[in-house]
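Okay, query-v2.txt is below, compact mmCIF, C-alpha atoms:
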```
# COMPACT_ATOMS: atom_id res chain seq x y z
CA MET H 2 46.60 299.59 80.84
CA GLN H 3 46.52 295.80 81.15
CA ARG H 4 44.34 294.38 83.89
CA ARG H 5 46.46 291.90 85.86
CA ILE H 6 44.48 289.91 88.39
CA GLY H 7 46.59 288.29 91.09
CA LEU H 8 44.62 285.17 92.03
CA THR H 9 45.62 283.78 95.39
CA GLY H 10 44.34 281.95 98.44
CA GLY H 11 45.43 279.35 100.93
CA ILE H 12 46.40 275.84 100.00
CA ALA H 13 43.28 273.85 98.96
CA SER H 14 41.07 276.95 98.95
CA GLY H 15 40.01 276.46 95.33
CA LYS H 16 42.42 278.63 93.32
CA SER H 17 42.78 276.04 90.57
CA SER H 18 39.01 275.73 90.20
CA VAL H 19 38.68 279.50 89.89
CA GLY H 20 41.63 279.62 87.47
CA LYS H 21 39.98 277.02 85.22
CA LEU H 22 36.69 278.92 85.23
CA LEU H 23 38.44 282.17 84.32
CA GLU H 24 40.44 280.43 81.60
CA ALA H 25 37.20 279.00 80.19
CA ARG H 26 35.98 282.63 79.90
CA GLY H 27 38.96 283.32 77.63
CA TRP H 28 41.34 284.95 80.08
CA PRO H 29 44.94 283.72 79.96
CA VAL H 30 46.01 282.22 83.30
CA LEU H 31 49.69 282.11 84.24
CA ASP H 32 50.30 279.64 87.06
CA ALA H 33 53.20 279.98 89.53
CA ASP H 34 52.93 276.30 90.43
CA HIS H 35 53.33 275.37 86.75
CA PHE H 36 56.47 277.51 86.51
CA ALA H 37 57.86 275.95 89.71
CA ARG H 38 57.22 272.41 88.39
CA GLU H 39 59.10 273.29 85.19
CA LEU H 40 61.99 274.74 87.19
CA LEU H 41 62.16 271.53 89.23
CA GLY H 42 62.03 269.29 86.16
CA PRO H 43 64.69 266.70 85.38
CA GLY H 44 68.09 268.09 84.47
CA THR H 45 67.47 271.73 85.40
CA GLU H 46 69.97 273.75 87.40
CA THR H 47 67.32 274.23 90.07
CA THR H 48 66.82 270.48 90.37
CA GLU H 49 70.56 269.96 90.62
CA ALA H 50 70.76 272.52 93.45
CA VAL H 51 67.95 270.76 95.34
CA LEU H 52 69.51 267.32 94.82
CA LEU H 53 72.89 268.59 95.98
CA ARG H 54 71.34 269.91 99.20
CA HIS H 55 68.93 266.96 99.68
CA PRO H 56 70.35 263.84 97.98
CA GLY H 57 67.68 261.72 99.67
CA VAL H 58 64.94 263.17 97.44
CA ARG H 59 66.60 261.90 94.23
CA ARG H 60 64.57 259.62 92.02
CA GLU H 61 65.66 257.91 88.84
CA GLU H 62 66.87 260.10 85.97
CA ASN H 63 67.71 262.96 88.36
CA ARG H 64 64.09 263.63 89.18
CA ILE H 65 62.93 264.99 92.51
CA ASN H 66 60.65 263.00 94.75
CA ARG H 67 58.30 265.92 95.41
CA GLU H 68 56.57 264.15 98.29
CA ALA H 69 59.88 263.58 100.09
CA LEU H 70 60.94 267.18 99.43
CA GLY H 71 57.57 268.39 100.76
CA GLN H 72 58.08 266.43 103.96
CA ILE H 73 61.41 268.18 104.48
CA VAL H 74 60.36 271.73 103.72
CA PHE H 75 57.06 271.62 105.58
CA ALA H 76 58.79 270.23 108.67
CA ASP H 77 61.67 272.74 108.67
CA ALA H 78 61.06 276.45 108.16
CA SER H 79 64.73 277.14 107.32
CA GLU H 80 64.67 274.53 104.54
CA ARG H 81 61.40 275.97 103.23
CA GLU H 82 62.98 279.43 103.25
CA TRP H 83 66.03 278.10 101.37
CA LEU H 84 63.83 276.45 98.71
CA ASN H 85 61.63 279.53 98.35
CA GLY H 86 64.76 281.69 98.02
CA LEU H 87 65.91 279.43 95.19
CA ILE H 88 62.57 279.18 93.37
CA HIS H 89 60.78 282.52 93.85
CA PRO H 90 63.23 284.74 91.90
CA GLN H 91 63.09 282.29 88.99
CA VAL H 92 59.29 282.13 89.10
CA ARG H 93 59.22 285.95 89.02
CA ARG H 94 61.39 285.90 85.87
CA CYS H 95 58.98 283.38 84.30
CA PHE H 96 56.06 285.70 85.04
CA GLU H 97 57.87 288.73 83.66
CA GLN H 98 58.75 286.88 80.45
CA SER H 99 55.21 285.52 80.05
CA LEU H 100 53.66 288.93 80.73
CA SER H 101 55.66 290.40 77.86
CA GLU H 102 54.35 287.60 75.62
CA TYR H 103 50.75 288.45 76.62
CA ALA H 104 51.18 292.23 76.37
CA ASN H 105 48.32 292.50 73.84
CA HIS H 106 45.73 290.93 76.15
CA SER H 107 43.52 293.34 78.07
CA THR H 108 43.13 290.99 81.06
CA ILE H 109 45.44 288.32 82.38
CA VAL H 110 45.31 286.20 85.53
CA LEU H 111 48.40 285.45 87.60
CA MET H 112 47.64 282.47 89.82
CA ILE H 113 50.14 282.74 92.67
CA PRO H 114 49.49 280.75 95.86
CA LEU H 115 52.20 282.64 97.78
CA LEU H 116 51.42 286.04 96.25
CA PHE H 117 51.85 287.94 99.52
CA GLU H 118 54.52 285.74 101.04
CA ALA H 119 56.72 285.94 97.90
CA ARG H 120 56.07 289.69 97.50
CA PHE H 121 54.68 289.40 93.98
CA THR H 122 51.88 291.93 94.50
CA ASP H 123 53.69 294.50 92.34
CA LEU H 124 52.98 292.31 89.30
CA CYS H 125 49.22 292.77 89.80
CA SER H 126 46.75 295.60 89.27
CA GLU H 127 44.25 293.91 91.59
CA ILE H 128 44.17 290.92 93.92
CA TRP H 129 41.41 288.31 94.13
CA LEU H 130 41.47 285.96 97.10
CA VAL H 131 39.75 282.58 96.93
CA ASP H 132 38.41 282.27 100.45
CA CYS H 133 37.11 279.39 102.54
CA ASP H 134 37.03 278.31 106.17
CA GLU H 135 40.15 276.74 107.63
CA LYS H 136 38.17 273.59 108.45
CA GLN H 137 37.17 273.24 104.77
CA GLN H 138 40.75 273.90 103.72
CA LEU H 139 41.99 271.13 106.01
CA GLU H 140 39.34 268.65 104.83
CA ARG H 141 40.03 269.42 101.16
CA LEU H 142 43.78 269.08 101.58
CA VAL H 143 43.51 265.78 103.46
CA LEU H 144 41.20 264.40 100.77
CA ARG H 145 43.06 265.82 97.75
CA ASN H 146 46.59 264.83 98.81
CA ALA H 147 45.80 261.81 101.00
CA LEU H 148 47.57 263.42 103.96
CA SER H 149 47.08 262.97 107.67
CA LYS H 150 45.33 265.85 109.41
CA GLU H 151 48.58 266.72 111.19
CA THR H 152 50.59 266.84 107.96
CA ALA H 153 47.89 268.85 106.20
CA GLN H 154 47.68 271.31 109.09
CA ALA H 155 51.46 271.79 108.98
CA ARG H 156 51.21 272.72 105.29
CA ILE H 157 48.38 275.15 105.94
CA SER H 158 50.32 276.70 108.82
CA ALA H 159 53.36 277.22 106.58
CA GLN H 160 51.41 279.91 104.70
CA TRP H 161 50.01 283.19 105.89
CA PRO H 162 46.63 282.71 107.59
CA MET H 163 43.57 283.49 105.51
CA ASN H 164 42.48 286.32 107.83
CA ARG H 165 45.76 288.13 107.09
CA LYS H 166 45.31 287.65 103.34
CA ARG H 167 41.68 288.82 103.43
CA LYS H 168 42.78 292.25 104.67
CA LEU H 169 45.07 292.70 101.66
CA ALA H 170 42.77 291.46 98.88
CA ASP H 171 40.71 293.71 96.61
CA VAL H 172 38.12 291.01 95.93
CA LEU H 173 37.05 288.06 98.09
CA ILE H 174 35.72 285.02 96.27
CA ASP H 175 33.71 282.91 98.70
CA ASN H 176 34.39 279.22 98.03
CA ARG H 177 32.47 277.84 101.01
CA LYS H 178 29.42 276.66 99.05
CA THR H 179 28.75 274.88 95.76
CA LYS H 180 30.55 275.03 92.42
CA ARG H 181 27.49 276.77 91.01
CA ASP H 182 27.76 279.50 93.65
CA LEU H 183 31.42 279.89 92.75
CA ARG H 184 30.60 280.18 89.02
CA ASP H 185 27.86 282.74 89.73
CA GLN H 186 30.28 284.91 91.75
CA LEU H 187 32.83 284.83 88.96
CA LEU H 188 30.22 285.76 86.35
CA SER H 189 29.27 288.81 88.40
CA LEU H 190 32.94 289.80 88.71
```
Would you put the structure from the file into structure tokens?
Amino acid sequence: MQRRIGLTGGIASGKSSVGKLLEARGWPVLDADHFARELLGPGTETTEAVLLRHPGVRREENRINREALGQIVFADASEREWLNGLIHPQVRRCFEQSLSEYANHSTIVLMIPLLFEARFTDLCSEIWLVDCDEKQQLERLVLRNALSKETAQARISAQWPMNRKRKLADVLIDNRKTKRDLRDQLLSL
């Protein structure tokens, strides 16, 4: 049976760093965010649906201003729910198609930030949670995305809290220390 590791965590917890380290070890990593970016690319049906609902986020060549869209969906839970309802079923189909393409691999990583929220746990044989303190998460998000603390906190609050995710994970990866500590944990796993 194929080992399917669902890699998740809160926004700015370090999922991408862990994903890169696992990929460097030779494990294929399928990324939900990558699928979502493709689905929201220029000229897609998904993009057209978003632009029809939110014409103000249109950029040249029918592209979406992702920052403007983010401001809308992180400020309005019903708009976030609408967008997730549009994107999540399509992302699931992308995973299912990709999993069939990687059927011969013994281990595969599914990097899914909203693994629990989107109910994708059935795609995984085990769940690894990249964990950090909420204060670190906030600092990392402010620095990474050049957001105000208030805006960053709103994005963190739009996801399940880390303490709720910890209870559901099979493995906790502590990303509170150095990159070396993170690498050492992954080597032991």
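Candidate residues H:Leu84, H:Ala37, H:Cys125, H:Leu31 were compared for distance to Tyr103 in chain H, and the nearest is H:Leu31, using only C-alpha atoms.
Distances here use only C-alpha atoms; by that measure, the residue among H:Asp34, H:Ile109, H:Lys16, H:Gln160 closest to Glu82 in chain H is H:Gln160.
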Could the residues of range 10-107 of chain H that have an atom at most 12 Å from range 113-119 of chain H be listed as a tab-separated table, each with its closest atom pair and the distance in Å to one decimal, counting all atoms listed in the file and ordered by chain and ascending residue number?
```
residue	atom	partner	partner_atom	distance
H:Gly10	CA	H:Pro114	CA	5.9
H:Gly11	CA	H:Pro114	CA	6.6
H:Ile12	CA	H:Pro114	CA	7.1
H:Ala13	CA	H:Pro114	CA	9.8
H:Ser14	CA	H:Pro114	CA	9.7
H:Gly15	CA	H:Pro114	CA	10.4
H:Lys16	CA	H:Pro114	CA	7.8
H:Ser17	CA	H:Pro114	CA	9.8
H:Gly20	CA	H:Ile113	CA	10.4
H:Val30	CA	H:Ile113	CA	10.3
H:Leu31	CA	H:Ile113	CA	8.5
H:Asp32	CA	H:Ile113	CA	6.4
H:Ala33	CA	H:Ile113	CA	5.2
H:Asp34	CA	H:Ile113	CA	7.4
H:His35	CA	H:Ile113	CA	10.0
H:Phe36	CA	H:Ile113	CA	10.3
H:Ala37	CA	H:Ile113	CA	10.7
H:Glu82	CA	H:Ala119	CA	10.5
H:Leu84	CA	H:Ala119	CA	11.9
H:Asn85	CA	H:Ala119	CA	8.1
H:Gly86	CA	H:Ala119	CA	9.1
H:Leu87	CA	H:Ala119	CA	11.6
H:Ile88	CA	H:Ala119	CA	10.0
H:His89	CA	H:Ala119	CA	6.7
H:Pro90	CA	H:Ala119	CA	8.9
H:Gln91	CA	H:Ala119	CA	11.5
H:Val92	CA	H:Ile113	CA	9.8
H:Arg93	CA	H:Ala119	CA	9.2
H:Phe96	CA	H:Ile113	CA	10.1
```
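The coordinates place CA of Asp182 in chain H at 25.3 Å from CA of Ser126 in chain H.
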Task: Separation of CA of Lys150 in chain H from CA of Leu52 in chain H in Å - done: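 Between these atoms lies a distance of 28.3 Å.
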Open item on the list: Taking 5 positions as the minimum chain separation for residues in the same chain, which residues sit within 10 Å of Ala155 in chain H when counting only C-alpha atoms? Answer as number ranges by chain.
Closed with: H: 72, 75-76, 139, 149-150, 160
TODO: Would you mind telling me which residue in H:Asn176, H:Arg181, H:Thr48, H:Arg156 lies nearest to Asp77 in chain H when using only C-alpha atoms?
DONE: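 Closest to Asp77 in chain H of all the choices is H:Arg156.
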- [ ] Using only C-alpha atoms, give me every residue within 9 Å of (45.0, 299.5, 85.4) in file coordinates, as a list in words.
- [x]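 Every polymer residue passing the test: Met2, Gln3, Arg4, Arg5, Ser126 and Glu127 of chain H.
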